[in-house]
$ cat protein.cif   # mmCIF, C-alpha atoms
data_upload
#
loop_
_atom_site.label_atom_id
_atom_site.label_comp_id
_atom_site.auth_asym_id
_atom_site.auth_seq_id
_atom_site.Cartn_x
_atom_site.Cartn_y
_atom_site.Cartn_z
CA MET A 152 0.00 0.00 0.00
CA ARG A 153 1.26 3.45 -0.90
CA THR A 154 0.33 5.87 1.87
CA GLN A 155 0.25 9.66 2.01
CA THR A 156 3.51 9.50 3.95
CA HIS A 157 5.16 7.69 1.03
CA ILE A 158 3.81 10.29 -1.40
CA ILE A 159 5.09 13.17 0.75
CA ASP A 160 8.51 11.50 0.98
CA SER A 161 8.68 11.09 -2.81
CA ARG A 162 7.63 14.70 -3.40
CA ALA A 163 10.21 15.91 -0.88
CA VAL A 164 12.99 13.99 -2.64
CA LYS A 165 11.95 15.46 -6.00
CA ALA A 166 11.91 18.97 -4.50
CA VAL A 167 15.50 18.57 -3.26
CA ILE A 168 16.74 17.17 -6.57
CA ALA A 169 15.12 20.09 -8.42
CA GLN A 170 17.21 22.60 -6.44
CA LEU A 171 20.55 20.85 -6.80
CA PRO A 172 22.78 21.85 -9.75
CA ASP A 173 22.19 19.83 -12.91
CA HIS A 174 25.91 19.04 -13.24
CA TRP A 175 25.98 17.34 -9.82
CA VAL A 176 25.29 13.61 -9.97
CA VAL A 177 22.43 12.66 -7.67
CA ARG A 178 21.92 8.99 -6.87
CA GLU A 179 18.64 8.06 -5.26
CA LEU A 180 19.05 5.08 -2.93
CA THR A 181 16.40 2.40 -2.73
CA GLU A 182 17.16 1.03 0.75
CA ARG A 183 16.04 4.11 2.65
CA ASP A 184 15.54 2.23 5.90
CA TYR A 185 19.19 3.01 6.62
CA GLY A 186 18.47 6.74 6.55
CA ILE A 187 20.22 7.76 3.32
CA ASP A 188 17.85 9.07 0.67
CA LEU A 189 20.35 10.62 -1.75
CA MET A 190 24.06 10.38 -2.38
CA VAL A 191 25.42 13.38 -4.27
CA GLU A 192 28.70 13.63 -6.17
CA ILE A 193 29.95 17.11 -7.01
CA PHE A 194 31.22 17.89 -10.50
CA ALA A 195 32.89 21.23 -11.20
CA PRO A 196 32.77 23.51 -14.27
CA GLY A 197 35.87 24.38 -16.27
CA LEU A 198 36.05 21.81 -19.06
CA THR A 199 34.82 21.68 -22.64
CA ASP A 200 33.78 18.63 -24.61
CA ALA A 201 34.78 17.64 -28.17
CA ASN A 202 32.09 19.95 -29.55
CA GLY A 203 33.26 22.96 -27.57
CA LYS A 204 30.36 22.74 -25.15
CA GLU A 205 30.76 23.28 -21.42
CA ALA A 206 31.66 20.12 -19.52
CA PHE A 207 32.23 19.32 -15.88
CA ALA A 208 35.06 17.57 -14.07
CA GLU A 209 34.76 14.98 -11.35
CA THR A 210 36.01 16.21 -7.96
CA GLY A 211 35.60 13.14 -5.74
CA ALA A 212 33.53 15.22 -3.28
CA ILE A 213 30.51 13.25 -2.07
CA PHE A 214 27.84 13.79 0.56
CA HIS A 215 24.77 11.98 1.87
CA ILE A 216 21.31 13.42 2.43
CA GLN A 217 18.52 12.28 4.71
CA ILE A 218 15.27 13.98 3.69
CA LYS A 219 12.39 14.64 6.07
CA GLY A 220 9.29 15.91 4.31
CA VAL A 221 6.10 17.41 5.67
CA ASP A 222 2.87 18.48 3.98
CA LYS A 223 2.50 21.77 5.88
CA GLN A 224 4.51 24.97 6.07
CA ILE A 225 7.77 24.72 8.03
CA GLN A 226 7.59 27.11 10.96
CA SER A 227 10.47 28.47 12.99
CA VAL A 228 10.30 28.63 16.79
CA LYS A 229 10.81 31.72 18.98
CA THR A 230 14.59 31.41 18.68
CA GLY A 231 14.24 31.60 14.89
CA THR A 232 15.52 28.08 14.28
CA ILE A 233 13.84 25.27 12.35
CA ASN A 234 13.48 22.48 14.90
CA TYR A 235 13.18 18.78 14.21
CA CYS A 236 12.94 15.80 16.55
CA ILE A 237 15.34 13.08 15.39
CA SER A 238 15.98 9.65 16.88
CA LYS A 239 19.22 8.97 18.74
CA LYS A 240 19.54 5.81 16.69
CA SER A 241 19.69 7.92 13.51
CA LEU A 242 22.29 10.23 15.04
CA GLY A 243 24.41 7.26 16.06
CA TYR A 244 24.28 5.93 12.52
CA VAL A 245 25.30 9.28 11.03
CA GLU A 246 28.28 9.56 13.41
CA LYS A 247 29.85 6.48 11.83
CA PHE A 248 30.43 8.33 8.54
CA SER A 249 33.41 10.47 7.61
CA ILE A 250 31.52 11.59 4.49
CA PRO A 251 29.42 14.69 5.32
CA PHE A 252 25.84 13.75 6.14
CA PHE A 253 23.06 16.33 5.83
CA LEU A 254 19.50 16.48 7.10
CA PHE A 255 17.14 18.27 4.71
CA ARG A 256 13.77 19.54 5.94
CA VAL A 257 11.26 19.96 3.11
CA SER A 258 7.71 21.27 3.00
CA VAL A 259 5.94 19.88 -0.06
CA ALA A 260 3.43 22.71 0.44
CA ASP A 261 6.25 25.20 -0.20
CA PRO A 262 9.02 23.21 -1.95
CA GLN A 263 11.15 26.30 -2.55
CA LYS A 264 11.84 26.49 1.18
CA ILE A 265 14.27 23.69 1.97
CA TYR A 266 16.50 23.81 5.04
CA PHE A 267 19.65 21.76 5.68
CA LEU A 268 21.96 20.84 8.54
CA TRP A 269 25.40 19.19 8.55
CA ILE A 270 24.61 16.64 11.24
CA GLN A 271 28.12 15.49 12.23
CA ARG A 272 29.33 19.04 12.83
CA TYR A 273 26.11 19.92 14.71
CA ILE A 274 26.72 16.98 17.04
CA LYS A 275 30.28 18.16 17.65
CA ASP A 276 29.65 21.91 17.98
CA VAL A 277 26.28 21.92 19.73
CA MET A 278 25.18 18.62 21.22
CA ASP A 279 28.53 17.49 22.63
CA ARG A 280 29.18 20.92 24.12
CA GLU A 281 25.75 21.63 25.59
CA ASN A 282 24.82 18.10 26.62
CA PRO A 283 27.88 15.81 26.39
CA MET A 284 26.06 12.83 27.99
CA TRP A 285 23.16 12.86 25.51
CA ARG A 286 24.11 9.42 24.21
CA GLU A 287 23.75 7.83 27.64
CA LYS A 288 20.39 9.36 28.53
CA ASN A 289 17.13 7.41 28.30
CA GLU A 290 15.39 9.59 25.73
CA ASP A 291 14.92 7.95 22.34
CA SER A 292 14.97 11.23 20.39
CA ILE A 293 16.50 14.69 20.51
CA THR A 294 15.37 18.03 19.09
CA ILE A 295 17.94 19.59 16.77
CA CYS A 296 17.84 23.22 15.67
CA ILE A 297 18.50 24.15 12.04
CA PRO A 298 19.75 27.74 11.54
CA PRO A 299 17.27 29.69 9.36
CA GLU A 300 20.10 30.90 7.11
CA ASN A 301 20.71 27.28 6.06
CA GLU A 302 18.29 27.52 3.18
CA LEU A 303 19.18 25.38 0.17
CA SER A 304 18.47 28.06 -2.42
CA ASN A 305 21.37 30.17 -1.13
CA GLY A 306 23.43 27.52 0.65
CA LEU A 307 24.91 25.48 -2.19
CA LYS A 308 28.37 27.02 -1.74
CA LYS A 309 28.34 26.11 1.95
CA ILE A 310 27.30 22.54 1.16
CA GLU A 311 30.01 22.28 -1.49
CA ASP A 312 32.71 23.49 0.92
CA ILE A 313 31.57 20.96 3.53
CA ALA A 314 31.58 18.15 0.94
CA PHE A 315 35.24 18.92 0.14
CA ARG A 316 36.26 18.90 3.80
CA PRO A 317 37.31 15.23 4.20
CA LYS A 318 39.65 15.47 1.20
CA TYR A 319 40.88 18.88 2.35
CA LEU A 320 41.85 17.50 5.75
CA GLU A 321 43.52 14.47 4.18
CA GLU A 322 45.61 16.68 1.89
CA LEU A 323 46.39 19.15 4.68
CA MET A 324 47.80 16.39 6.90
CA GLU A 325 50.10 15.19 4.14
CA PHE A 326 51.04 18.73 3.14
CA SER A 327 52.07 19.49 6.73
CA GLN A 328 54.41 16.48 6.71
CA ILE A 329 55.82 17.32 3.28
CA TYR A 330 56.42 20.98 4.03
CA GLU A 331 58.11 20.22 7.36
CA GLU A 332 60.45 17.84 5.55
CA ILE A 333 61.12 20.29 2.70
CA GLY A 334 61.56 23.24 5.06
CA ASN A 335 64.02 21.40 7.30
CA ARG A 336 66.15 20.32 4.35
CA ILE A 337 66.13 23.76 2.75
CA ASN A 338 67.15 25.45 6.01
CA ALA A 339 69.91 22.90 6.53
CA ILE A 340 71.22 23.55 3.00
CA ARG A 341 71.08 27.32 3.51
CA ASN A 342 73.01 26.98 6.78
CA GLY A 343 75.65 24.74 5.24
CA GLN A 344 74.54 21.74 7.31
CA HIS A 345 73.30 19.60 4.41
CA GLU A 346 75.03 18.59 1.22
CA VAL A 347 73.48 19.88 -1.97
CA ASN A 348 73.77 18.10 -5.28
CA GLU A 349 71.57 17.12 -8.19
CA GLU A 350 70.17 14.08 -6.39
CA VAL A 351 69.23 16.08 -3.28
CA ILE A 352 67.59 18.80 -5.38
CA GLU A 353 65.58 16.18 -7.25
CA GLU A 354 64.40 14.55 -4.02
CA ILE A 355 63.15 17.87 -2.61
CA LYS A 356 61.49 18.80 -5.90
CA ASN A 357 59.70 15.45 -6.03
CA ARG A 358 58.20 16.10 -2.60
CA ALA A 359 57.09 19.56 -3.72
CA TYR A 360 55.58 18.09 -6.90
CA ARG A 361 53.51 15.80 -4.70
CA ALA A 362 52.14 18.80 -2.79
CA ARG A 363 51.47 20.60 -6.08
CA ARG A 364 48.83 17.94 -6.85
CA PHE A 365 46.74 18.69 -3.76
CA ASN A 366 44.03 20.39 -5.78
CA VAL A 367 41.42 20.64 -3.03
CA LEU A 368 43.85 22.10 -0.51
CA LEU A 369 45.28 24.58 -3.02
CA THR A 370 41.85 25.86 -4.07
CA HIS A 371 40.05 25.90 -0.70
CA ASN A 372 42.57 27.16 1.87
CA ASN A 373 42.46 30.62 3.48
CA CYS A 374 46.24 31.10 3.58
CA CYS A 375 46.64 32.57 0.07
CA ILE A 376 48.51 29.47 -1.12
CA ASP A 377 47.66 28.12 -4.56
CA GLY A 378 49.27 26.22 -7.41
CA LYS A 379 51.43 29.21 -8.35
CA SER A 380 52.86 29.26 -4.83
CA LEU A 381 54.03 25.65 -5.20
CA ASP A 382 55.38 26.36 -8.69
CA ALA A 383 57.47 29.18 -7.20
CA LEU A 384 58.71 26.85 -4.45
CA ILE A 385 59.72 24.21 -7.01
CA GLN A 386 61.60 26.84 -9.01
CA TYR A 387 63.31 28.02 -5.83
CA VAL A 388 64.46 24.46 -5.03
CA THR A 389 65.86 24.15 -8.56
CA GLU A 390 68.23 27.04 -7.81
CA LEU A 391 69.37 25.82 -4.38
CA ASP A 392 72.60 24.46 -5.84
CA THR A 393 73.79 28.03 -6.47
CA VAL A 394 75.05 30.49 -3.86
CA ASP A 395 72.69 33.18 -5.12
CA GLY A 396 69.76 30.78 -4.95
CA ARG A 397 70.49 29.80 -1.36
CA ASN A 398 70.62 33.46 -0.34
CA GLN A 399 67.10 34.13 -1.61
CA PRO A 400 64.10 33.85 0.74
CA ILE A 401 61.67 30.99 0.25
CA PRO A 402 58.72 32.31 -1.81
CA ASP A 403 55.56 32.75 0.28
CA GLU A 404 57.41 31.22 3.24
CA HIS A 405 55.14 32.77 5.87
CA ASN A 406 51.93 31.64 4.18
CA LEU A 407 53.31 28.17 3.47
CA LYS A 408 54.18 27.75 7.15
CA MET A 409 50.78 29.08 8.16
CA LEU A 410 49.04 26.55 5.93
CA ALA A 411 51.26 23.69 7.15
CA ASN A 412 50.40 24.55 10.76
CA SER A 413 46.74 25.36 10.17
CA MET A 414 45.45 21.99 11.40
CA THR A 415 46.05 23.13 14.98
CA GLY A 416 43.19 25.31 16.10
CA MET A 417 41.49 25.15 12.70
CA ASP A 418 38.00 24.75 14.17
CA ILE A 419 38.49 27.69 16.52
CA VAL A 420 39.67 30.01 13.76
CA GLU A 421 36.86 28.80 11.51
CA GLU A 422 34.27 29.50 14.20
CA ILE A 423 35.60 33.04 14.75
CA VAL A 424 35.42 33.80 11.01
CA LEU A 425 31.92 32.35 10.72
CA GLU A 426 30.73 34.20 13.82
CA ASN A 427 31.89 37.49 12.30
CA GLU A 428 29.92 36.58 9.18
CA GLY A 429 26.84 35.72 11.23
CA SER A 430 26.99 32.06 10.22
CA VAL A 431 27.83 28.66 11.70
CA ALA A 432 29.92 25.73 10.47
CA TYR A 433 27.02 23.31 10.47
#
$ encode --input "protein.cif" --output "structure tokens"
Amino acid sequence: MRTQTHIIDSRAVKAVIAQLPDHWVVRELTERDYGIDLMVEIFAPGLTDANGKEAFAETGAIFHIQIKGVDKQIQSVKTGTINYCISKKSLGYVEKFSIPFFLFRVSVADPQKIYFLWIQRYIKDVMDRENPMWREKNEDSITICIPPENELSNGLKKIEDIAFRPKYLEELMEFSQIYEEIGNRINAIRNGQHEVNEEVIEEIKNRAYRARRFNVLLTHNNCCIDGKSLDALIQYVTELDTVDGRNQPIPDEHNLKMLANSMTGMDIVEEIVLENEGSVAY
């Protein structure tokens, strides 16, 4: 039997898909009992096909969506938030994922108004701070509060940034290791404490070439480091076997160090920036 609840759920899924960019790949999952309605893969503009038409490149950024539909208008509470009562079992399931997992609240009566919440970050920033023992309490469900600014029609950039976060963190961890290694060897060479020859130069350049391929990190960081910065570093390493080259400062050294060390306190800095913008991470 197909009930009104099933029809509302189907309409809610269609409403979400209609607001997502056409060049994103949306996969509707059939086994919804697990709580995942859609899996979305982000593709980015910037390519052209054989006919000169715009094409889109795969990015590897993926996120999951759980959709909760309702047939009446979604109302905010006195605090201005969009509240929803979710089961602790669902929250426990979501916590197992490293891929960003979103809750979407949809009114099929007003399908243009769709609200979203990054559940894992909400658990970390709100639930674990305000009520750290929520997992051990007897209640079967918890009310979560969706910020009213998290409206899908103007929140696609925020969702995209969140979807890139796992890969960003992976690349940042490796970049930190690579830059520490490169920096130590360069400083040792400049101080006359490390031999310098063609083989050494090639080894350092190869490590820098590895970092040059961190596309997500180089396009999403806030330290003003991009591909050109790594190109300049590689060129600098090439000239380390000359006295003049060793006497030159490392290009963008301050910003490179800042990026390499940005894992420490990243959430705190991010929260300060978002607070100044009147927004939240989740």
$ resolve_selection --input "protein.cif" --expression "the PyMOL selection byres ((chain A and resi 224) around 10)" --output "ChimeraX atom specification"
/A:221-223,225-227,257-262,264
$ resolve_selection --input "protein.cif" --expression "the PyMOL selection byres ((chain A and resi 295) around 7)" --output "PyMOL selection string"
chain A and resi 234-236+293-294+296-297
$ closest_residue --input "protein.cif" --among "A:Ala339, A:Val167, A:Leu384, A:Leu268" --to "A:Arg358" --atoms "all atoms listed in the file"
A:Leu384
$ resolve_selection --input "protein.cif" --expression "the PyMOL selection byres ((chain A and resi 396-406) around 10)" --output "JSON, numbers by chain"
{"A": [334, 337, 338, 340, 341, 342, 343, 373, 374, 375, 376, 380, 381, 382, 383, 384, 385, 386, 387, 388, 389, 390, 391, 392, 393, 394, 395, 407, 408, 409, 410, 411, 412]}
$ residues_around --input "protein.cif" --residues "A:Glu209" --least-positions-apart "4" --cutoff "10 Å" --atoms "only C-alpha atoms" --output "number ranges by chain"
A: 174-176, 192-196
$ atom_distance --input "protein.cif" --atom1 "atom CA of A:Ala359" --atom2 "atom CA of A:Glu325"
11.4 Å
$ atom_distance --input "protein.cif" --atom1 "atom CA of A:Phe326" --atom2 "atom CA of A:Asp418"
18.1 Å
$ closest_residue --input "protein.cif" --among "A:Gly429, A:Pro299, A:Pro317, A:Gly378" --to "A:Lys229" --atoms "only C-alpha atoms"
A:Pro299
$ closest_residue --input "protein.cif" --among "A:Gly197, A:Gly211, A:Gly306, A:Gly203" --to "A:Val367" --atoms "all atoms listed in the file"
A:Gly211
$ atom_distance --input "protein.cif" --atom1 "atom CA of A:Ile329" --atom2 "atom CA of A:Glu422"
27.1 Å
